[in-house]
Structures are given as C-alpha cells and as structure tokens.
Amino acid sequence: MSSRPVGTATRGTTNPNRLRRMDRWIAAVHGRALRASGRPLAVDLGYGAAPWTTLELARRLRAEADPRCEVVGIEIDPERVLAARPYEEPGLTFRYGGFEVPVDVPPTLIRAANVLRQYDEEEVAAVWARLCGRLAPDGLLVEGTCDEIGRRHVWVALGPEGPRTVTFATRLGSLDRPSDLAERLPKALIHRNVPGEPVHSFLRDFDQAWAAAAPYASLGARQRWIAAVGALAADWPVGDDRRRWRQGEVTVAWEALAPRGGQREHAGE
C-alpha cells in the first residue's frame with residue numbers, strides 16, 4: 001500500500017441493496033460480453049466504507065451473467081480495504097487504489113457508483129478517459145448516482161470509445177413524476193438540467209408524457225410508465241424495449257442528452 005492511488009477519498013456512505021437497479025441492468029445488457037470474455041473481470045470502484053455492494057455485484061453477476069466472473073473491489077481509503085478483506089473468497093478480492101484501476105488484466109466491467117458525484121464537473125471527462133482506457137476491448141464502464149436506498153438511479157454507460165447511453169431507473173411506486181430523477185443525474189449532467197440543455201428538454205417531455213399517460217394509473221404505475229416511455233420514444237432515441245421499461249427503466253442515447261458546449265467529445269479524446 002505504498003504507492004499513492006489516483007483520486008481522493010469520498011464520504012463512503014453505502015447501504016445493502018443500494019445498487020440493485022444498476023446491477024440488474026448490467027447483468028441483463030452486459031452479460032453476453034462477460035460470457036464471451038476469456039477471463040471475465042468486474043471492478044467495483046469506490047465501494048465505500050463497507051463492502052456490501054461489491055458482494056452483491058459478485059453474486060448477481062455469477063448467478064445471472066457468468067459463474068466464472070471475478071470481482072475486485074477497489075477503494076482509495078486503505079482502512080476500508082482492510083475492513084473488507086475478511087469478506088474475500090475465491091474470485092472476490094479487495095485492493096487499495098483509485099482511478100488507475102490496479103488489476104492485472106483489462107476489466108470487462110468497471111462500475112463506479114456515487115463516486116464522481118463528489119468531484120467537480122470539470123474533472124469528469126478526464127476520469128472517464130482514464131477509466132475507459134483501462135477497459136477490455138468489449139468492456140463497459142457504468143458511472144452514475146443513486147439515492148441512499150436505491151429507489152432512484154441514473155447512470156451513463158461508456159465503452160472504450162466513450163459514452164454510449166444514459167439510463168434512468170426508479171422504483172415506480174415512489175415516483176410522482178419522471179423529473180424527480182433529476183436530483184440523481186450523474187455529475188456530467190446534473191448541472192445541465194436548465195433550459196436550453198438537452199437533458200432538461202428530455203425531462204420536460206418525459207413529464208408531459210407521464211401526465212398524458214395518467215389514465216393508465218388505474219392499471220398501476222408500471223403500466224403508466226410503459227405508456228409514457230412509449231410516447232417518449234416517438235421523439236427521443238430510446239434504446240431499450242418493454243422488457244426493460246417494465247423494470248422501471250428507460251435508456252437513451254448519450255448523444256441526445258450530452259451537454260451543449262462540453263462533455264460531447266469521446267472520453268478517449
């Protein structure tokens with residue numbers, strides 16, 4: 001633990017099952033890449049003061065994607081690493097490090113949840129570039145933010161070439177309107193939720209579609225969400241289908257929501 005990792009320690013708050021929506025999405029959409037890898041490796045970057053989310057990621061990926069998947073939890077606080085070591089098992093380890101991602105093979109997945117939220121917006125592009133540069137050729141970086149108990153979550157998915165999509169996910173029973181998710185936008189977008197920015201227009205249109213879908217509320221929040229997303233897809237590049245919508249998710253192409261005048265360039269440039 002003598003070399004200094006890249007990055008700064010964050011608050012480290014975490015709760016069991018907090019990242020279930022992100023993990024469920026990862027297993028569903030990236031499981032094929034994990035299975036195709038000769039040595040599937042997933043990194044949980046910045047898991048926090050307790051290793052619960054790393055343990056949960058390992059269990060879900062092994063059960064739903066590939067039982068061979070190795071998982072490494074990485075933390076910049078050495079005390080957190082030491083506290084997590086008793087939870088190690090074959091294929092699950094914890095290491096001291098930061099954005100340099102100290103693993104011996106390029107990972108097929110890097111998950112960084114609630115990490116960049118505590119950095120400045122101007123730092124995001126450089127961190128994305130560094131992390132994407134560590135990925136395997138078919139790798140995926142998932143970076144985003146959620147609330148303390150995982151009811152609302154928004155994340156960006158990036159490949160080695162840069163950002164691809166933005167996913168909004170929520171427990172539908174807790175949602176008053178889709179723009180409630182704005183408070184969980186990742187750092188690259190949260191300060192761009194203002195008139196004239198694409199993400200603001202998207203959330204405005206989503207609220208309008210949600211209001212128009214009010215008659216479906218009698219059938220439940222899930223049916224209302226599905227109807228609203230279906231209407232939204234007429235004007236926005238929604239990249240998933242009803243199977244994901246039923247989970248309280250919607251995924252949109254990054255290019256449609258990318259901030260004007262910044263963060264548009266590929267993370268690798």
# chains A, B, ... in the order shown; residues from 1 in each chain; ligands from 1

call {"tool": "residues_around", "arguments": {"residues": "Tyr216 in chain A", "least_positions_apart": "5", "cutoff": "12 Å", "atoms": "only C-alpha atoms", "output": "compact mmCIF listing (two decimals) with C-alpha atoms, in the first residue's frame"}}
result
# COMPACT_ATOMS: atom_id res chain seq x y z
CA ALA A 209 -45.75 12.07 -21.48
CA TRP A 210 -46.26 10.93 -17.87
CA ALA A 211 -49.12 13.39 -17.45
CA ALA A 221 -47.58 2.73 -12.02
CA ARG A 222 -45.81 0.18 -14.23
CA GLN A 223 -48.40 0.46 -16.99
CA ARG A 224 -48.33 4.23 -16.77
CA TRP A 225 -44.52 4.23 -17.06
CA ILE A 226 -44.62 1.91 -20.08
CA ALA A 227 -47.17 4.13 -21.82
CA ALA A 228 -45.18 7.28 -21.06

call {"tool": "select_by_dssp", "arguments": {"residues": "range 69-113 of chain A", "states": "strand (DSSP E)", "output": "ChimeraX atom specification"}}
result
/A:70-75,92-96,109-113

call {"tool": "write_last_selection", "arguments": {"atoms": "N, CA, C and O atoms", "output": "PDB file, in the first residue's frame"}}
result
ATOM      1  N   GLU A  70     -14.829 -12.927 -12.105  1.00  0.00           N
ATOM      2  CA  GLU A  70     -14.047 -12.457 -10.972  1.00  0.00           C
ATOM      3  C   GLU A  70     -14.454 -11.022 -10.663  1.00  0.00           C
ATOM      4  O   GLU A  70     -14.742 -10.239 -11.566  1.00  0.00           O
ATOM      5  N   VAL A  71     -14.460 -10.668  -9.402  1.00  0.00           N
ATOM      6  CA  VAL A  71     -14.834  -9.319  -8.979  1.00  0.00           C
ATOM      7  C   VAL A  71     -13.752  -8.779  -8.051  1.00  0.00           C
ATOM      8  O   VAL A  71     -13.313  -9.474  -7.123  1.00  0.00           O
ATOM      9  N   VAL A  72     -13.335  -7.537  -8.312  1.00  0.00           N
ATOM     10  CA  VAL A  72     -12.351  -6.860  -7.471  1.00  0.00           C
ATOM     11  C   VAL A  72     -12.967  -5.555  -6.986  1.00  0.00           C
ATOM     12  O   VAL A  72     -13.382  -4.723  -7.789  1.00  0.00           O
ATOM     13  N   GLY A  73     -13.039  -5.376  -5.676  1.00  0.00           N
ATOM     14  CA  GLY A  73     -13.449  -4.108  -5.096  1.00  0.00           C
ATOM     15  C   GLY A  73     -12.225  -3.245  -4.856  1.00  0.00           C
ATOM     16  O   GLY A  73     -11.224  -3.710  -4.290  1.00  0.00           O
ATOM     17  N   ILE A  74     -12.278  -2.002  -5.316  1.00  0.00           N
ATOM     18  CA  ILE A  74     -11.136  -1.086  -5.194  1.00  0.00           C
ATOM     19  C   ILE A  74     -11.559   0.131  -4.389  1.00  0.00           C
ATOM     20  O   ILE A  74     -12.590   0.743  -4.669  1.00  0.00           O
ATOM     21  N   GLU A  75     -10.754   0.470  -3.396  1.00  0.00           N
ATOM     22  CA  GLU A  75     -11.020   1.633  -2.548  1.00  0.00           C
ATOM     23  C   GLU A  75      -9.747   2.448  -2.349  1.00  0.00           C
ATOM     24  O   GLU A  75      -8.659   1.896  -2.219  1.00  0.00           O
ATOM     25  N   LEU A  92     -13.169 -13.204  -5.484  1.00  0.00           N
ATOM     26  CA  LEU A  92     -13.627 -11.925  -4.942  1.00  0.00           C
ATOM     27  C   LEU A  92     -12.538 -11.379  -4.024  1.00  0.00           C
ATOM     28  O   LEU A  92     -12.233 -11.969  -2.982  1.00  0.00           O
ATOM     29  N   THR A  93     -11.933 -10.247  -4.424  1.00  0.00           N
ATOM     30  CA  THR A  93     -10.845  -9.658  -3.649  1.00  0.00           C
ATOM     31  C   THR A  93     -11.048  -8.152  -3.526  1.00  0.00           C
ATOM     32  O   THR A  93     -11.848  -7.549  -4.258  1.00  0.00           O
ATOM     33  N   PHE A  94     -10.288  -7.566  -2.604  1.00  0.00           N
ATOM     34  CA  PHE A  94     -10.351  -6.124  -2.376  1.00  0.00           C
ATOM     35  C   PHE A  94      -8.940  -5.563  -2.443  1.00  0.00           C
ATOM     36  O   PHE A  94      -7.995  -6.149  -1.900  1.00  0.00           O
ATOM     37  N   ARG A  95      -8.805  -4.391  -3.116  1.00  0.00           N
ATOM     38  CA  ARG A  95      -7.493  -3.805  -3.329  1.00  0.00           C
ATOM     39  C   ARG A  95      -7.522  -2.309  -3.068  1.00  0.00           C
ATOM     40  O   ARG A  95      -8.544  -1.646  -3.247  1.00  0.00           O
ATOM     41  N   TYR A  96      -6.365  -1.805  -2.695  1.00  0.00           N
ATOM     42  CA  TYR A  96      -6.150  -0.376  -2.488  1.00  0.00           C
ATOM     43  C   TYR A  96      -5.847   0.266  -3.835  1.00  0.00           C
ATOM     44  O   TYR A  96      -4.984  -0.178  -4.590  1.00  0.00           O
ATOM     45  N   LEU A 109     -15.787  -5.055 -17.057  1.00  0.00           N
ATOM     46  CA  LEU A 109     -16.739  -4.128 -16.450  1.00  0.00           C
ATOM     47  C   LEU A 109     -16.043  -3.322 -15.364  1.00  0.00           C
ATOM     48  O   LEU A 109     -15.309  -3.875 -14.550  1.00  0.00           O
ATOM     49  N   ILE A 110     -16.282  -2.009 -15.370  1.00  0.00           N
ATOM     50  CA  ILE A 110     -15.964  -1.152 -14.232  1.00  0.00           C
ATOM     51  C   ILE A 110     -17.252  -0.478 -13.805  1.00  0.00           C
ATOM     52  O   ILE A 110     -17.912   0.186 -14.617  1.00  0.00           O
ATOM     53  N   ARG A 111     -17.625  -0.671 -12.564  1.00  0.00           N
ATOM     54  CA  ARG A 111     -18.787   0.028 -12.011  1.00  0.00           C
ATOM     55  C   ARG A 111     -18.287   1.083 -11.031  1.00  0.00           C
ATOM     56  O   ARG A 111     -17.552   0.764 -10.098  1.00  0.00           O
ATOM     57  N   ALA A 112     -18.677   2.340 -11.259  1.00  0.00           N
ATOM     58  CA  ALA A 112     -18.282   3.442 -10.375  1.00  0.00           C
ATOM     59  C   ALA A 112     -19.550   4.181  -9.973  1.00  0.00           C
ATOM     60  O   ALA A 112     -20.020   5.069 -10.700  1.00  0.00           O
ATOM     61  N   ALA A 113     -20.142   3.807  -8.855  1.00  0.00           N
ATOM     62  CA  ALA A 113     -21.418   4.377  -8.421  1.00  0.00           C
ATOM     63  C   ALA A 113     -21.194   5.334  -7.264  1.00  0.00           C
ATOM     64  O   ALA A 113     -20.505   5.008  -6.295  1.00  0.00           O
TER      65      ALA A 113
END

call {"tool": "residues_around", "arguments": {"residues": "range 9-23 of chain A", "least_positions_apart": "6", "cutoff": "10 Å", "atoms": "only C-alpha atoms", "output": "PyMOL selection string"}}
result
chain A and resi 46-58+60-61+75-78+80+98+111+113-119+142-155+167-171+247-249

call {"tool": "closest_residue", "arguments": {"among": "A:Val194, A:Ala233, A:Ala217, A:Ala42", "to": "Arg260 in chain A", "atoms": "only C-alpha atoms"}}
result
A:Val194

call {"tool": "closest_residue", "arguments": {"among": "A:Pro40, A:Leu82, A:Phe206, A:Pro195", "to": "Ala234 in chain A", "atoms": "only C-alpha atoms"}}
result
A:Phe206
